[in-house]
file start-v9.txt (compact mmCIF, C-alpha atoms)
# COMPACT_ATOMS: atom_id res chain seq x y z
CA MET P 168 -35.71 -59.01 103.47
CA ASP P 169 -35.67 -55.31 102.84
CA ILE P 170 -33.09 -53.82 105.14
CA LEU P 171 -34.66 -50.35 105.00
CA GLU P 172 -37.95 -51.79 106.30
CA LYS P 173 -36.07 -53.45 109.16
CA LEU P 174 -34.37 -50.17 110.04
CA LYS P 175 -37.72 -48.38 110.00
CA TRP P 176 -39.12 -51.06 112.33
CA ARG P 177 -36.36 -50.35 114.85
CA TYR P 178 -36.89 -47.69 117.47
CA ALA P 179 -35.42 -46.99 120.91
CA VAL P 180 -37.71 -49.14 123.06
CA LYS P 181 -38.81 -47.49 126.30
CA GLU P 182 -40.42 -50.60 127.83
CA PHE P 183 -39.86 -54.25 126.99
CA ASP P 184 -42.26 -57.15 127.57
CA ALA P 185 -40.62 -58.54 130.69
CA ASP P 186 -42.16 -61.98 130.08
CA LYS P 187 -40.49 -62.49 126.72
CA LYS P 188 -36.91 -63.73 126.73
CA VAL P 189 -34.60 -63.57 123.73
CA PRO P 190 -33.56 -67.19 123.03
CA GLU P 191 -29.97 -67.99 124.00
CA GLU P 192 -29.27 -69.01 120.40
CA THR P 193 -30.28 -65.55 119.18
CA VAL P 194 -28.28 -63.78 121.88
CA LYS P 195 -25.27 -65.80 120.76
CA ARG P 196 -25.82 -64.79 117.13
CA LEU P 197 -25.97 -61.13 118.15
CA LEU P 198 -22.74 -61.46 120.10
CA GLU P 199 -21.06 -63.21 117.18
CA ALA P 200 -22.18 -60.34 114.97
CA VAL P 201 -20.78 -57.73 117.35
CA ASN P 202 -17.53 -59.70 117.57
CA LEU P 203 -17.32 -59.35 113.77
CA SER P 204 -17.62 -55.54 113.94
CA ALA P 205 -14.95 -53.42 112.34
CA THR P 206 -12.61 -51.70 114.80
CA SER P 207 -9.62 -49.43 114.21
CA MET P 208 -6.70 -51.66 113.14
CA GLY P 209 -8.92 -54.61 114.08
CA LEU P 210 -7.72 -54.26 117.67
CA GLN P 211 -11.14 -54.95 119.25
CA GLN P 212 -10.88 -52.15 121.76
CA PHE P 213 -14.02 -53.28 123.61
CA ARG P 214 -15.67 -56.32 125.19
CA ILE P 215 -19.29 -57.21 125.93
CA MET P 216 -20.79 -58.16 129.27
CA VAL P 217 -24.24 -59.74 129.12
CA ILE P 218 -26.57 -59.28 132.08
CA GLU P 219 -29.50 -61.60 132.42
CA ASP P 220 -29.95 -61.87 136.19
CA GLN P 221 -33.14 -60.06 137.22
CA GLU P 222 -31.78 -58.91 140.56
CA MET P 223 -28.84 -57.29 138.85
CA LYS P 224 -31.16 -55.66 136.30
CA ASN P 225 -33.25 -54.26 139.16
CA ARG P 226 -30.14 -52.88 140.80
CA LEU P 227 -28.98 -51.23 137.59
CA PHE P 228 -32.50 -49.88 137.05
CA GLU P 229 -32.09 -47.86 140.24
CA LEU P 230 -28.76 -46.53 138.96
CA SER P 231 -30.05 -45.60 135.51
CA GLY P 232 -32.70 -43.05 136.39
CA THR P 233 -35.30 -45.86 136.84
CA GLN P 234 -35.68 -46.18 133.09
CA LYS P 235 -37.92 -49.17 132.41
CA GLN P 236 -35.77 -50.44 129.55
CA ILE P 237 -33.34 -51.71 132.16
CA ASN P 238 -35.55 -53.82 134.39
CA THR P 239 -37.89 -55.08 131.66
CA ALA P 240 -35.16 -56.08 129.19
CA SER P 241 -34.47 -59.71 128.43
CA HIS P 242 -30.71 -59.09 128.49
CA ILE P 243 -28.54 -56.01 128.88
CA LEU P 244 -25.41 -55.78 126.75
CA VAL P 245 -22.72 -53.62 128.33
CA PHE P 246 -20.07 -52.35 125.93
CA ALA P 247 -16.88 -52.00 127.98
CA CYS P 248 -13.57 -50.64 126.72
CA LEU P 249 -10.15 -51.94 127.70
CA ASN P 250 -8.20 -49.82 130.18
CA ASN P 251 -4.98 -51.52 129.20
CA LEU P 252 -4.69 -51.36 125.43
CA ASP P 253 -0.90 -51.09 125.70
CA ASP P 254 2.14 -52.41 123.85
CA GLU P 255 1.73 -55.80 125.51
CA TYR P 256 -1.85 -56.05 124.23
CA ILE P 257 -0.77 -55.07 120.71
CA GLU P 258 2.00 -57.67 120.78
CA LYS P 259 -0.37 -60.42 121.82
CA TYR P 260 -2.84 -59.35 119.13
CA THR P 261 -0.27 -59.24 116.33
CA ASP P 262 1.20 -62.57 117.45
CA LYS P 263 -2.26 -64.11 117.14
CA MET P 264 -2.73 -62.49 113.73
CA ALA P 265 0.69 -63.72 112.55
CA ILE P 266 -0.18 -67.30 113.49
CA GLU P 267 -3.70 -67.28 112.05
CA ARG P 268 -2.53 -65.71 108.80
CA SER P 269 0.77 -67.63 108.64
CA LEU P 270 2.69 -64.39 108.21
CA PRO P 271 6.47 -64.59 107.69
CA GLU P 272 8.43 -63.49 110.75
CA ASN P 273 9.68 -60.20 109.28
CA VAL P 274 6.18 -59.20 108.12
CA ALA P 275 4.81 -59.93 111.59
CA ALA P 276 7.58 -57.88 113.22
CA ASP P 277 6.89 -54.95 110.87
CA LEU P 278 3.18 -55.12 111.61
CA LYS P 279 3.80 -55.16 115.36
CA LEU P 280 5.99 -52.08 115.11
CA ARG P 281 3.55 -50.28 112.83
CA PHE P 282 0.58 -50.94 115.12
CA LYS P 283 2.54 -49.86 118.19
CA ASN P 284 3.58 -46.66 116.45
CA MET P 285 0.06 -45.95 115.24
CA VAL P 286 -1.48 -46.42 118.67
CA GLY P 287 1.46 -44.62 120.28
CA SER P 288 0.91 -41.61 118.01
CA ILE P 289 -2.60 -41.02 119.36
CA PRO P 290 -2.39 -38.10 121.82
CA LYS P 291 -2.85 -39.31 125.43
CA ASP P 292 -6.06 -37.34 125.96
CA GLN P 293 -7.51 -38.79 122.74
CA LYS P 294 -6.80 -42.48 123.29
CA ALA P 295 -9.78 -43.28 125.51
CA ILE P 296 -12.07 -41.39 123.12
CA TRP P 297 -10.68 -43.30 120.15
CA GLU P 298 -11.29 -46.59 121.99
CA GLU P 299 -14.84 -45.62 122.88
CA LYS P 300 -15.67 -44.66 119.31
CA GLN P 301 -14.92 -48.25 118.32
CA ALA P 302 -17.51 -49.44 120.85
CA TYR P 303 -20.05 -47.22 119.11
CA LEU P 304 -19.12 -48.81 115.76
CA GLY P 305 -19.95 -52.16 117.35
CA LEU P 306 -23.17 -50.80 118.80
CA GLY P 307 -24.23 -49.49 115.38
CA ASN P 308 -23.67 -52.95 113.98
CA LEU P 309 -25.61 -54.57 116.84
CA LEU P 310 -28.66 -52.34 116.37
CA THR P 311 -28.88 -53.24 112.68
CA VAL P 312 -28.31 -56.97 113.15
CA ALA P 313 -30.81 -57.10 116.03
CA ALA P 314 -33.42 -55.41 113.82
CA ILE P 315 -32.78 -58.02 111.13
CA GLU P 316 -33.27 -60.77 113.70
CA GLY P 317 -36.48 -59.14 114.98
CA VAL P 318 -34.97 -58.28 118.35
CA ASP P 319 -35.73 -54.92 119.92
CA THR P 320 -33.04 -52.69 121.39
CA CYS P 321 -32.44 -49.40 123.16
CA PRO P 322 -28.98 -47.88 123.02
CA MET P 323 -28.39 -45.92 126.24
CA GLU P 324 -25.81 -43.41 127.41
CA GLY P 325 -27.76 -42.18 130.45
CA PHE P 326 -26.28 -44.28 133.24
CA SER P 327 -23.53 -43.84 135.80
CA ARG P 328 -20.41 -45.29 134.26
CA GLU P 329 -18.55 -45.25 137.56
CA LYS P 330 -21.30 -47.12 139.40
CA TYR P 331 -21.67 -49.67 136.62
CA ASP P 332 -17.92 -50.28 136.69
CA GLU P 333 -18.08 -50.85 140.41
CA ILE P 334 -21.17 -53.03 140.64
CA LEU P 335 -20.32 -55.12 137.60
CA GLY P 336 -16.73 -55.54 138.74
CA LEU P 337 -15.44 -54.08 135.48
CA LYS P 338 -12.71 -51.99 137.09
CA ASP P 339 -11.01 -55.09 138.48
CA LYS P 340 -11.01 -56.55 134.99
CA GLN P 341 -9.33 -53.42 133.57
CA LEU P 342 -12.52 -52.47 131.74
CA ARG P 343 -14.86 -49.47 131.77
CA ALA P 344 -18.55 -49.32 130.78
CA VAL P 345 -18.97 -47.03 127.79
CA VAL P 346 -22.48 -47.54 126.46
CA ILE P 347 -25.23 -50.09 127.13
CA CYS P 348 -27.93 -51.75 125.06
CA PRO P 349 -30.87 -53.55 126.64
CA ILE P 350 -32.43 -56.06 124.23
CA GLY P 351 -35.77 -57.87 124.27
CA TYR P 352 -39.21 -57.50 122.72
CA ARG P 353 -41.23 -54.28 122.81
CA SER P 354 -44.07 -54.15 125.31
CA GLU P 355 -47.60 -53.47 124.08
CA ASN P 356 -47.64 -50.65 126.63
CA ASP P 357 -44.81 -48.78 124.96
CA ARG P 358 -46.56 -45.98 123.10
CA PHE P 359 -43.33 -44.94 121.40
CA GLN P 360 -43.64 -47.82 118.93
CA HIS P 361 -46.58 -46.01 117.35
CA TYR P 362 -44.80 -42.71 116.86
CA LYS P 363 -43.66 -41.72 113.41
CA LYS P 364 -39.90 -41.97 112.96
CA VAL P 365 -38.61 -38.43 112.61
CA ARG P 366 -35.72 -37.99 110.19
CA LEU P 367 -34.31 -35.29 108.01
CA PRO P 368 -35.31 -35.47 104.35
CA LEU P 369 -32.47 -37.22 102.55
CA GLU P 370 -31.54 -34.02 100.69
CA ASP P 371 -30.99 -32.22 104.02
CA PHE P 372 -29.09 -35.14 105.54
CA MET P 373 -26.69 -34.95 102.63
CA VAL P 374 -24.23 -32.10 102.30
CA ASN P 375 -23.62 -30.62 98.88
CA MET A 1410 -29.50 -64.25 103.84
CA ASP A 1411 -27.31 -65.16 106.76
CA ILE A 1412 -26.15 -61.91 108.33
CA LEU A 1413 -23.12 -63.55 109.97
CA GLU A 1414 -21.90 -64.71 106.55
CA LYS A 1415 -22.29 -61.15 105.24
CA LEU A 1416 -20.29 -59.78 108.16
CA LYS A 1417 -17.56 -62.35 107.57
CA TRP A 1418 -17.46 -61.31 103.91
CA ARG A 1419 -16.81 -57.70 104.93
CA TYR A 1420 -13.25 -56.54 105.41
CA ALA A 1421 -11.49 -53.19 105.31
CA VAL A 1422 -10.72 -52.94 101.60
CA LYS A 1423 -7.26 -51.60 100.80
CA GLU A 1424 -7.80 -51.22 97.05
CA PHE A 1425 -11.05 -50.97 95.11
CA ASP A 1426 -11.63 -51.81 91.46
CA ALA A 1427 -11.55 -48.29 90.08
CA ASP A 1428 -13.58 -49.34 87.02
CA LYS A 1429 -16.58 -50.51 88.99
CA LYS A 1430 -19.06 -47.88 90.11
CA VAL A 1431 -21.69 -48.44 92.77
CA PRO A 1432 -25.06 -47.75 91.06
CA GLU A 1433 -26.70 -44.48 92.13
CA GLU A 1434 -29.75 -46.42 93.30
CA THR A 1435 -27.59 -48.44 95.69
CA VAL A 1436 -25.76 -45.37 96.97
CA LYS A 1437 -29.14 -43.82 97.70
CA ARG A 1438 -30.25 -46.92 99.62
CA LEU A 1439 -27.09 -46.78 101.71
CA LEU A 1440 -27.67 -43.12 102.49
CA GLU A 1441 -31.28 -43.81 103.42
CA ALA A 1442 -30.06 -46.55 105.74
CA VAL A 1443 -27.54 -44.22 107.41
CA ASN A 1444 -30.25 -41.57 107.75
CA LEU A 1445 -32.26 -44.18 109.70
CA SER A 1446 -29.39 -44.75 112.17
CA ALA A 1447 -30.04 -44.34 115.86
CA THR A 1448 -28.53 -41.19 117.40
CA SER A 1449 -28.65 -39.85 120.93
CA MET A 1450 -32.13 -38.31 121.43
CA GLY A 1451 -32.61 -38.79 117.69
CA LEU A 1452 -30.89 -35.44 117.12
CA GLN A 1453 -28.94 -36.58 114.04
CA GLN A 1454 -25.68 -34.99 115.13
CA PHE A 1455 -24.01 -35.67 111.79
CA ARG A 1456 -24.46 -35.30 108.04
CA ILE A 1457 -23.02 -37.14 105.05
CA MET A 1458 -21.09 -35.67 102.15
CA VAL A 1459 -20.70 -37.95 99.13
CA ILE A 1460 -17.66 -37.51 96.92
CA GLU A 1461 -17.75 -38.98 93.46
CA ASP A 1462 -15.59 -36.58 91.46
CA GLN A 1463 -12.31 -38.28 90.51
CA GLU A 1464 -10.25 -35.10 90.68
CA MET A 1465 -11.43 -34.51 94.24
CA LYS A 1466 -10.70 -38.14 95.15
CA ASN A 1467 -7.18 -37.73 93.77
CA ARG A 1468 -6.70 -34.58 95.83
CA LEU A 1469 -7.92 -36.29 99.00
CA PHE A 1470 -5.69 -39.28 98.19
CA GLU A 1471 -2.69 -36.98 98.54
CA LEU A 1472 -4.01 -35.78 101.91
CA SER A 1473 -4.72 -39.24 103.26
CA GLY A 1474 -1.26 -40.78 103.21
CA THR A 1475 -1.77 -41.88 99.58
CA GLN A 1476 -3.93 -44.78 100.69
CA LYS A 1477 -5.36 -46.41 97.57
CA GLN A 1478 -8.83 -46.81 99.07
CA ILE A 1479 -9.33 -43.11 98.45
CA ASN A 1480 -8.52 -42.77 94.76
CA THR A 1481 -9.86 -46.17 93.69
CA ALA A 1482 -13.20 -45.91 95.55
CA SER A 1483 -16.44 -45.50 93.65
CA HIS A 1484 -17.68 -42.95 96.19
CA ILE A 1485 -16.33 -41.56 99.46
CA LEU A 1486 -18.78 -40.97 102.27
CA VAL A 1487 -17.62 -38.27 104.67
CA PHE A 1488 -19.31 -38.31 108.08
CA ALA A 1489 -19.36 -34.70 109.27
CA CYS A 1490 -20.62 -33.50 112.64
CA LEU A 1491 -22.52 -30.29 113.25
CA ASN A 1492 -20.55 -27.45 114.82
CA ASN A 1493 -23.75 -25.70 115.84
CA LEU A 1494 -25.90 -28.20 117.69
CA ASP A 1495 -27.28 -25.44 119.91
CA ASP A 1496 -30.62 -24.50 121.45
CA GLU A 1497 -31.83 -23.17 118.12
CA TYR A 1498 -31.09 -26.51 116.45
CA ILE A 1499 -32.91 -28.39 119.21
CA GLU A 1500 -35.92 -26.11 118.90
CA LYS A 1501 -36.12 -26.65 115.17
CA TYR A 1502 -35.78 -30.39 115.65
CA THR A 1503 -38.47 -30.64 118.35
CA ASP A 1504 -40.80 -28.40 116.34
CA LYS A 1505 -40.45 -30.78 113.41
CA MET A 1506 -41.07 -33.76 115.71
CA ALA A 1507 -44.11 -32.09 117.25
CA ILE A 1508 -45.65 -31.55 113.82
CA GLU A 1509 -44.85 -35.01 112.45
CA ARG A 1510 -46.16 -36.73 115.58
CA SER A 1511 -49.06 -34.32 116.13
CA LEU A 1512 -47.94 -33.73 119.70
CA PRO A 1513 -50.09 -31.47 121.91
CA GLU A 1514 -48.51 -28.06 122.53
CA ASN A 1515 -47.64 -28.69 126.19
CA VAL A 1516 -46.01 -32.06 125.40
CA ALA A 1517 -43.92 -30.44 122.68
CA ALA A 1518 -42.86 -27.64 125.02
CA ASP A 1519 -41.86 -30.17 127.70
CA LEU A 1520 -39.87 -32.16 125.18
CA LYS A 1521 -38.08 -29.06 123.94
CA LEU A 1522 -37.08 -28.12 127.48
CA ARG A 1523 -35.98 -31.68 128.33
CA PHE A 1524 -33.83 -31.99 125.24
CA LYS A 1525 -32.23 -28.59 125.84
CA ASN A 1526 -31.49 -29.53 129.44
CA MET A 1527 -30.07 -32.91 128.46
CA VAL A 1528 -27.76 -31.46 125.82
CA GLY A 1529 -26.96 -28.53 128.10
CA SER A 1530 -25.91 -30.91 130.88
CA ILE A 1531 -23.15 -32.44 128.74
CA PRO A 1532 -19.84 -30.94 129.92
CA LYS A 1533 -18.42 -28.51 127.33
CA ASP A 1534 -15.32 -30.62 126.70
CA GLN A 1535 -17.47 -33.73 126.16
CA LYS A 1536 -20.01 -32.34 123.71
CA ALA A 1537 -17.97 -32.70 120.52
CA ILE A 1538 -16.97 -36.22 121.58
CA TRP A 1539 -20.59 -37.14 122.23
CA GLU A 1540 -21.55 -35.83 118.79
CA GLU A 1541 -18.77 -37.77 117.10
CA LYS A 1542 -19.74 -41.02 118.80
CA GLN A 1543 -23.12 -40.72 117.08
CA ALA A 1544 -21.34 -40.55 113.71
CA TYR A 1545 -19.64 -43.85 114.58
CA LEU A 1546 -23.05 -45.38 115.36
CA GLY A 1547 -24.08 -44.38 111.86
CA LEU A 1548 -20.87 -45.74 110.40
CA GLY A 1549 -21.42 -49.08 112.17
CA ASN A 1550 -24.85 -49.24 110.59
CA LEU A 1551 -23.46 -48.33 107.15
CA LEU A 1552 -20.80 -51.06 107.20
CA THR A 1553 -23.41 -53.72 107.98
CA VAL A 1554 -25.97 -52.50 105.44
CA ALA A 1555 -23.30 -52.17 102.74
CA ALA A 1556 -22.20 -55.77 103.40
CA ILE A 1557 -25.82 -56.90 103.01
CA GLU A 1558 -26.02 -55.04 99.70
CA GLY A 1559 -22.72 -56.54 98.53
CA VAL A 1560 -20.92 -53.21 98.58
CA ASP A 1561 -17.37 -53.06 99.91
CA THR A 1562 -16.23 -50.45 102.39
CA CYS A 1563 -13.23 -49.20 104.33
CA PRO A 1564 -13.83 -47.11 107.45
CA MET A 1565 -10.93 -44.67 107.83
CA GLU A 1566 -9.71 -42.39 110.59
CA GLY A 1567 -6.28 -41.73 109.10
CA PHE A 1568 -6.81 -38.44 107.28
CA SER A 1569 -6.32 -34.78 108.09
CA ARG A 1570 -9.60 -33.55 109.46
CA GLU A 1571 -8.54 -29.92 109.15
CA LYS A 1572 -7.55 -30.25 105.51
CA TYR A 1573 -10.71 -32.16 104.63
CA ASP A 1574 -12.79 -29.44 106.29
CA GLU A 1575 -11.01 -26.83 104.25
CA ILE A 1576 -10.98 -28.52 100.85
CA LEU A 1577 -14.53 -29.81 101.11
CA GLY A 1578 -15.80 -26.46 102.37
CA LEU A 1579 -17.21 -28.09 105.49
CA LYS A 1580 -16.11 -25.34 107.85
CA ASP A 1581 -18.22 -22.77 106.03
CA LYS A 1582 -21.21 -25.05 106.45
CA GLN A 1583 -20.60 -25.32 110.23
CA LEU A 1584 -19.54 -28.95 109.85
CA ARG A 1585 -16.38 -30.93 110.65
CA ALA A 1586 -15.19 -34.19 109.08
CA VAL A 1587 -15.09 -36.93 111.72
CA VAL A 1588 -14.61 -40.23 109.92
CA ILE A 1589 -14.75 -41.31 106.27
CA CYS A 1590 -15.82 -44.42 104.44
CA PRO A 1591 -14.85 -45.09 100.82
CA ILE A 1592 -17.22 -47.56 99.15
CA GLY A 1593 -16.92 -49.61 95.97
CA TYR A 1594 -15.98 -53.12 94.92
CA ARG A 1595 -12.80 -54.88 96.06
CA SER A 1596 -10.00 -55.08 93.51
CA GLU A 1597 -8.63 -58.46 92.48
CA ASN A 1598 -5.23 -57.04 93.43
CA ASP A 1599 -6.17 -56.52 97.05
CA ARG A 1600 -4.49 -59.42 98.83
CA PHE A 1601 -6.20 -58.54 102.11
CA GLN A 1602 -9.44 -60.13 100.91
CA HIS A 1603 -7.74 -63.53 101.18
CA TYR A 1604 -6.54 -63.10 104.76
CA LYS A 1605 -8.33 -64.90 107.56
CA LYS A 1606 -10.47 -62.58 109.67
CA VAL A 1607 -8.82 -62.40 113.08
CA ARG A 1608 -11.20 -62.19 116.02
CA LEU A 1609 -11.21 -63.14 119.66
CA PRO A 1610 -12.94 -66.41 120.47
CA LEU A 1611 -16.48 -65.49 121.59
CA GLU A 1612 -15.73 -66.60 125.16
CA ASP A 1613 -12.86 -64.09 125.36
CA PHE A 1614 -14.87 -61.32 123.74
CA MET A 1615 -17.49 -61.75 126.43
CA VAL A 1616 -16.82 -60.67 130.00
CA ASN A 1617 -18.04 -62.88 132.81

call {"tool": "encode", "arguments": {"input": "start-v9.txt", "output": "structure tokens"}}
result
Amino acid sequence: MDILEKLKWRYAVKEFDADKKVPEETVKRLLEAVNLSATSMGLQQFRIMVIEDQEMKNRLFELSGTQKQINTASHILVFACLNNLDDEYIEKYTDKMAIERSLPENVAADLKLRFKNMVGSIPKDQKAIWEEKQAYLGLGNLLTVAAIEGVDTCPMEGFSREKYDEILGLKDKQLRAVVICPIGYRSENDRFQHYKKVRLPLEDFMVN
Amino acid sequence: MDILEKLKWRYAVKEFDADKKVPEETVKRLLEAVNLSATSMGLQQFRIMVIEDQEMKNRLFELSGTQKQINTASHILVFACLNNLDDEYIEKYTDKMAIERSLPENVAADLKLRFKNMVGSIPKDQKAIWEEKQAYLGLGNLLTVAAIEGVDTCPMEGFSREKYDEILGLKDKQLRAVVICPIGYRSENDRFQHYKKVRLPLEDFMVN
């Protein structure tokens, strides 16, 4: 497998083949991959909701500027950040880490304090942004892994976060929709698959 | 290649083997991969600066809390966002796209207007954040591709953006450092490579 060829194959699909479903096994692999994404301090600041129900997809389609990616997708992955990444969350996380890594008690206590201080030192108006950037790290990983697995994707920011939170019941779960990614297989009708990928020459992408 | 195994192999390296250099050919492949990353509207909101000079790495080491990833890395990739993603930039970008895709004049003009309106509709205080999220998409892609290529990485937010901008001359180029990623090969001394990767069980990572 040449990874560069896979990345060139990827494009932001505008219309999926609504008759083709991504096998559950493959969806699971993609989710496992996203769960393995790097995040700041490994805190996993985001979760994934998977939407497969066609009625729900149709409803979201109406809320997302009737973009066909939404109602023709096999599944929609919603990246949702935690609204309660607080000291309690950090304690639970470091406790889990201490057990899984068999850390001595004093090392675990140090780690807990360090993580709390690090998160606590992020200015209040920057914390949500910092959390959301981690979701984008995960999304970047997903797009690459999906391309490797031959699954098409379309990362999307153009949707009403508030309405998604409401309809998907994310607010009640202390979560907020940050970015979404429909997955599936490109439709023959999607002319965008034939367009040349436009990128800067490598020498212009790099800064000297 | 099993991509999940590659992702499990990846961890945030704390110390690289300073004697092992990533071959130029591989660095180039990684940069090509990052250049192929998805970005919002394909606008490529960020650039990459590659630092290989040991003296510069030592200087940055002092500015990054003397974290050994910096001075032991083979190369440091600095993700830097554009400070001038304005109408002029969008025009240049859509002109390039129009030529490369042989778009009819009216289609190109429509596209130009749509892109300007879309970027223009982003609230002023959100624009820089939106740009920086695209850099994280690219970083997510880099981490996965590097793991496939057997190159170690460490995504890092803990550095002084202002000082990096100054020392690397980014400000003068209308750029700002957003996130950095040293690359290289893990040192035998780095005990973190032996730690179990801590992740949520898939059922907890997913939201029902």

call {"tool": "closest_residue", "arguments": {"input": "start-v9.txt", "among": "A:Ile1531, A:Met1615, A:Leu1522, A:Leu1546", "to": "Gly325 in chain P", "atoms": "all atoms listed in the file"}}
result
A:Ile1531

call {"tool": "closest_residue", "arguments": {"input": "start-v9.txt", "among": "P:Arg177, P:Arg281, P:Arg358, P:Lys330", "to": "chain A", "atoms": "all atoms listed in the file"}}
result
P:Arg177

call {"tool": "closest_residue", "arguments": {"input": "start-v9.txt", "among": "A:Asn1444, A:Gln1476, A:Gly1559, A:Pro1610", "to": "Glu1414 in chain A", "atoms": "all atoms listed in the file"}}
result
A:Gly1559

call {"tool": "closest_residue", "arguments": {"input": "start-v9.txt", "among": "A:Cys1563, A:Ser1511, A:Arg1438, A:Tyr1498", "to": "Asp169 in chain P", "atoms": "all atoms listed in the file"}}
result
A:Arg1438

call {"tool": "residues_near_point", "arguments": {"input": "start-v9.txt", "point": "(-14.6, -41.8, 112.7)", "cutoff": "6 Å", "atoms": "only C-alpha atoms", "output": "compact mmCIF listing (two decimals) with C-alpha atoms, keeping the file's coordinate frame"}}
result
# COMPACT_ATOMS: atom_id res chain seq x y z
CA TYR A 1545 -19.64 -43.85 114.58
CA GLU A 1566 -9.71 -42.39 110.59
CA VAL A 1587 -15.09 -36.93 111.72
CA VAL A 1588 -14.61 -40.23 109.92

call {"tool": "closest_residue", "arguments": {"input": "start-v9.txt", "among": "A:Arg1456, A:Lys1437, A:Lys1423, A:Lys1466", "to": "chain P", "atoms": "only C-alpha atoms"}}
result
A:Arg1456

call {"tool": "axis_aligned_box", "arguments": {"input": "start-v9.txt", "around": "range 316-335 of chain P", "padding_each_side": "8 Å", "output": "JSON"}}
result
{"center_x": -27.2, "center_y": -51.5, "center_z": 127.2, "size_x": 34.6, "size_y": 34.6, "size_z": 42.9}

call {"tool": "interface_residues", "arguments": {"input": "start-v9.txt", "of": "chain A", "to": "chain P", "cutoff": "7 Å", "atoms": "only C-alpha atoms", "output": "ChimeraX atom specification"}}
result
/A:1413,1416-1417,1441-1442,1444-1445,1456-1458,1506,1509-1510,1542,1545-1550,1553,1604-1605,1607-1608,1611,1614-1617

call {"tool": "atom_distance", "arguments": {"input": "start-v9.txt", "atom1": "CA of Ser354 in chain P", "atom2": "CA of Asn225 in chain P"}}
result
17.6 Å

call {"tool": "atom_distance", "arguments": {"input": "start-v9.txt", "atom1": "CA of Glu255 in chain P", "atom2": "CA of Ser1569 in chain A"}}
result
28.5 Å

call {"tool": "residues_around", "arguments": {"input": "start-v9.txt", "residues": "Ala1537 in chain A", "least_positions_apart": "5", "cutoff": "10 Å", "atoms": "all atoms listed in the file", "output": "list in words"}}
result
Gln1454, Cys1490, Leu1491, Asn1492, Leu1494, Ile1531, Pro1532 and Lys1542 of chain A

call {"tool": "residues_around", "arguments": {"input": "start-v9.txt", "residues": "Asp1495 in chain A", "least_positions_apart": "6", "cutoff": "9 Å", "atoms": "only C-alpha atoms", "output": "ChimeraX atom specification"}}
result
/A:1525,1528-1529

call {"tool": "closest_residue", "arguments": {"input": "start-v9.txt", "among": "P:Arg353, P:Glu258, P:Thr239, P:Thr193", "to": "Glu222 in chain P", "atoms": "all atoms listed in the file"}}
result
P:Thr239
